[in-house]
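First the structure, in the form of structure tokens, and then the observations on it.
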Amino acid sequence: MIEVEELTFKYPGANGHAVRGVSFGVKRGEVVGLLGPSGAGKSTIQKIMIKLLPMQQGSVRYEGVELGDLDRSFFNKVGVSFEHPNVFPKLTAAENLSYFAGLYARDVMSPEEVLGLVGLAGEADKPAGDYSKGMKQRLVLARALQHRPDVLFLDEPTSGLDPATAQRVMDLIAAERDRGVAILLTTHNMHAADTLCDRLAFLHDGEVAALDSPRALKLAHGERAVEVEHRVDGRLERARFDLGDEGARGRLSELLAGAEVETVHTREATLDQIFIKLTGSELVA
Ligand code: ADP
Ligand code: MG
């Protein structure tokens with residue numbers, strides 16, 4: 001659906017490049033995550049892909065057509081939410097949605113319907129300026145979803161949300177994916193990246209440091225080991241088993257069959273740990 005090739009970008013007057021040789025693709029029904037600390041270049045990539053920043057080097061193609069050759073109808077197919085929710089503060093939520101709905105040459109959900117989706121059903125008539133940050137975040141998500149786009153760009157959609165609301169937003173994103181939407185999710189939320197993304201691009205200093213499924217990344221970089229806590233004569237003991245070692249696997253089965261086992265943990269690496277290993281940087285900046 002979307003192909004990004006060797007994207008490179010430098011802000012006018014900046015010393016270095018914000019984006020360097022970035023390539024990835026997003027298929028229909030796929031969530032691809034751009035994961036990286038603040039300043040890695042995630043928002044810049046998203047902005048180039050929706051023509052908010054000019055194309056300097058490289059290419060972005062939608063269904064084989066260069067971004068530069070697409071006409072304005074392109075925007076009918078795309079939904080975007082920005083990192084910093086931009087709403088008209090004096091207009092109500094419903095008015096904010098209707099204003100943007102008028103720009104689309106296709107069927108649009110009613111404000112009530114789409115606000116219901118993001119959990120703001122009772123808040124349609126409040127001025128958006130009176131919304132909390134989390135509510136604004138959901139309002140811009142509603143705005144991105146209301147015309148049922150084929151492609152979604154979501155920049156930090158869960159930032160500033162409490163865990164329950166973040167989960168609700170993640171469920172919504174998953175539902176859009178299941179509808180066949182191609183989704184680019186920009187985030188430094190490791191949990192969202194891990195649970196939602198089919199593939200992840202680790203972004204560091206404007207470059208892709210790794211690109212694969214969360215599972216493949218964890219298998220490639222984690223330890224294949226299991227840690228078991230069990231009781232021996234009332235005392236808590238901890239034992240560790242290397243899953244690559246046949247003898248260790250045998251001892252693990254014996255332990256599980258006999259002993260008083262309290263906890264079993266796999267030692268697979270977290271995305272955080274893998275990110276540090278590959279880039280030398282912390283994910284959360
Ligand atoms: P992220 O979204 O991953 O936090 P950004 O794409 O916002 O990263 O930023 C990438 C780099 O580009 C950073 O070094 C940032 O300081 C720089 N940058 C971002 N926006 C601008 C701008 N408008 N002008 C100059 N430099 C910018
Ligand atoms: Mg950003």
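Chain labels follow the order of the structure tokens: the first chain is A, the next B, and so on; residue numbering restarts at 1 in every chain, and ligands are counted from 1 in their shown order.
Residues with any atom within 10 Å of segment 88-92 of chain A, counting only C-alpha atoms and excluding same-chain neighbours fewer than 2 positions away, are Pro85, Asn86, Ala94, Glu95, Asn96, Leu97, Ser98, Tyr99, Glu123, Ala124, Asp125, Lys126, Pro127, Ala128, Gly129, Asp130, Tyr131 and Lys136 of chain A.
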Discussion item. Residues near Leu154 of chain A, anyone? I mean within 7 Å using only C-alpha atoms, not counting same-chain ones fewer than 4 positions away, as a ChimeraX atom specification.
Written reply: /A:80-82,184-186
Go ahead and save the picked residues with N, CA and C atoms, as a PDB file, in the first residue's frame.
```
ATOM      1  N   VAL A  80      -5.240  11.499   9.787  1.00  0.00           N
ATOM      2  CA  VAL A  80      -4.006  11.866  10.476  1.00  0.00           C
ATOM      3  C   VAL A  80      -4.324  12.364  11.876  1.00  0.00           C
ATOM      4  N   SER A  81      -3.580  11.896  12.864  1.00  0.00           N
ATOM      5  CA  SER A  81      -3.622  12.576  14.154  1.00  0.00           C
ATOM      6  C   SER A  81      -2.208  12.997  14.519  1.00  0.00           C
ATOM      7  N   PHE A  82      -2.108  14.211  15.018  1.00  0.00           N
ATOM      8  CA  PHE A  82      -0.795  14.782  15.311  1.00  0.00           C
ATOM      9  C   PHE A  82      -0.433  14.593  16.768  1.00  0.00           C
ATOM     10  N   LEU A 184       0.269   3.638  10.083  1.00  0.00           N
ATOM     11  CA  LEU A 184       1.611   3.969  10.561  1.00  0.00           C
ATOM     12  C   LEU A 184       1.462   4.601  11.938  1.00  0.00           C
ATOM     13  N   LEU A 185       2.014   3.931  12.926  1.00  0.00           N
ATOM     14  CA  LEU A 185       1.882   4.361  14.319  1.00  0.00           C
ATOM     15  C   LEU A 185       3.238   4.849  14.795  1.00  0.00           C
ATOM     16  N   THR A 186       3.270   6.089  15.207  1.00  0.00           N
ATOM     17  CA  THR A 186       4.515   6.674  15.686  1.00  0.00           C
ATOM     18  C   THR A 186       4.437   6.769  17.198  1.00  0.00           C
TER      19      THR A 186
END
```
Contact table chain A vs ligand 2, cut-off 12 Å, shortest pair per residue, only C-alpha atoms and all ligand atoms, as a tab-separated table:
```
residue	atom	partner	partner_atom_place_in_ligand_line	distance
A:Ala18	CA	ligand 2	1 (Mg)	11.5
A:Leu34	CA	ligand 2	1 (Mg)	9.9
A:Leu35	CA	ligand 2	1 (Mg)	10.0
A:Gly36	CA	ligand 2	1 (Mg)	9.1
A:Pro37	CA	ligand 2	1 (Mg)	8.6
A:Ser38	CA	ligand 2	1 (Mg)	6.3
A:Gly39	CA	ligand 2	1 (Mg)	6.8
A:Ala40	CA	ligand 2	1 (Mg)	7.9
A:Gly41	CA	ligand 2	1 (Mg)	6.9
A:Lys42	CA	ligand 2	1 (Mg)	5.3
A:Ser43	CA	ligand 2	1 (Mg)	4.1
A:Thr44	CA	ligand 2	1 (Mg)	7.3
A:Ile45	CA	ligand 2	1 (Mg)	9.2
A:Gln46	CA	ligand 2	1 (Mg)	8.8
A:Lys47	CA	ligand 2	1 (Mg)	9.8
A:Ser81	CA	ligand 2	1 (Mg)	11.5
A:Phe82	CA	ligand 2	1 (Mg)	8.6
A:Glu83	CA	ligand 2	1 (Mg)	6.2
A:His84	CA	ligand 2	1 (Mg)	8.9
A:Leu154	CA	ligand 2	1 (Mg)	10.3
A:Asp155	CA	ligand 2	1 (Mg)	6.7
A:Glu156	CA	ligand 2	1 (Mg)	7.2
A:Pro157	CA	ligand 2	1 (Mg)	10.8
A:Ser159	CA	ligand 2	1 (Mg)	10.7
A:Leu185	CA	ligand 2	1 (Mg)	10.9
A:Thr186	CA	ligand 2	1 (Mg)	7.3
A:Thr187	CA	ligand 2	1 (Mg)	7.6
A:His188	CA	ligand 2	1 (Mg)	8.8
A:Asn189	CA	ligand 2	1 (Mg)	11.8
A:Leu203	CA	ligand 2	1 (Mg)	11.4
A:Gly206	CA	ligand 2	1 (Mg)	11.7
A:Ala285	CA	ligand 2	1 (Mg)	11.4
```
Worksheet item: In Å to one decimal, how far is atom CA of Arg168 of chain A from atom CA of Glu282 of chain A?
Response: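 Atom CA of Glu282 of chain A sits 26.9 Å away from atom CA of Arg168 of chain A.
Residue nearest ligand 1 within the list A:Val208, A:Ala239, A:Ala121, A:Val114: A:Val208 [criterion: smallest interatomic distance, only C-alpha atoms and all ligand atoms].
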Worksheet entry | Among listed residues A:Ala225, A:Ala14, A:Val118, A:Leu196, nearest ligand 1 (using only C-alpha atoms and all ligand atoms) |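 For ligand 1, the nearest of the candidates is A:Ala14.
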Worksheet item: Nearest to Leu53 of chain A among A:Gly16, A:Gly33, A:Val26, A:Thr8, with distances taken over only C-alpha atoms: which residue is it?
Response: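 Selected residue with least distance to Leu53 of chain A: A:Thr8.
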Set out as a tab-separated table a contact list for segment 116-203 of chain A and segment 105-111 of chain A with a cut-off of 10 Å, giving each residue of segment 116-203 of chain A that qualifies its closest atom pair and distance in Å to one decimal, counting only C-alpha atoms, ordered by chain and rising residue number.
```
residue	atom	partner	partner_atom	distance
A:Gly116	CA	A:Pro111	CA	8.3
A:Leu117	CA	A:Pro111	CA	9.9
A:Leu120	CA	A:Pro111	CA	9.9
A:Ala121	CA	A:Pro111	CA	8.8
A:Ala124	CA	A:Pro111	CA	7.4
A:Ala142	CA	A:Pro111	CA	8.4
A:Arg143	CA	A:Pro111	CA	9.0
A:Leu145	CA	A:Met109	CA	8.5
A:Gln146	CA	A:Met109	CA	5.2
A:His147	CA	A:Val108	CA	4.4
A:Arg148	CA	A:Val108	CA	7.1
A:Pro149	CA	A:Arg106	CA	9.7
```
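Distances to ligand 1 were evaluated for A:Val32, A:Leu52, A:Met1, A:Cys197 using only C-alpha atoms and all ligand atoms, and the minimum falls at A:Leu52.
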If we count only C-alpha atoms and set the cut-off at 9 Å, which residues sit around Thr195 of chain A, ignoring sequence neighbours fewer than 4 positions away in its own chain? Please answer as a PDB file with N, CA, C and O atoms, in the first residue's frame.
```
ATOM      1  N   MET A 170      -5.987   1.873  21.819  1.00  0.00           N
ATOM      2  CA  MET A 170      -5.291   0.773  21.158  1.00  0.00           C
ATOM      3  C   MET A 170      -6.280  -0.218  20.554  1.00  0.00           C
ATOM      4  O   MET A 170      -6.058  -0.734  19.453  1.00  0.00           O
ATOM      5  N   MET A 190       6.298   1.658  24.475  1.00  0.00           N
ATOM      6  CA  MET A 190       6.746   0.316  24.160  1.00  0.00           C
ATOM      7  C   MET A 190       5.599  -0.697  24.188  1.00  0.00           C
ATOM      8  O   MET A 190       5.543  -1.605  23.368  1.00  0.00           O
ATOM      9  N   HIS A 191       4.684  -0.499  25.130  1.00  0.00           N
ATOM     10  CA  HIS A 191       3.568  -1.438  25.251  1.00  0.00           C
ATOM     11  C   HIS A 191       2.694  -1.388  23.995  1.00  0.00           C
ATOM     12  O   HIS A 191       2.324  -2.426  23.439  1.00  0.00           O
ATOM     13  N   PRO A 214       7.731  -7.518  16.354  1.00  0.00           N
ATOM     14  CA  PRO A 214       8.182  -7.512  17.744  1.00  0.00           C
ATOM     15  C   PRO A 214       8.667  -8.898  18.186  1.00  0.00           C
ATOM     16  O   PRO A 214       9.683  -9.034  18.859  1.00  0.00           O
TER      17      PRO A 214
END
```
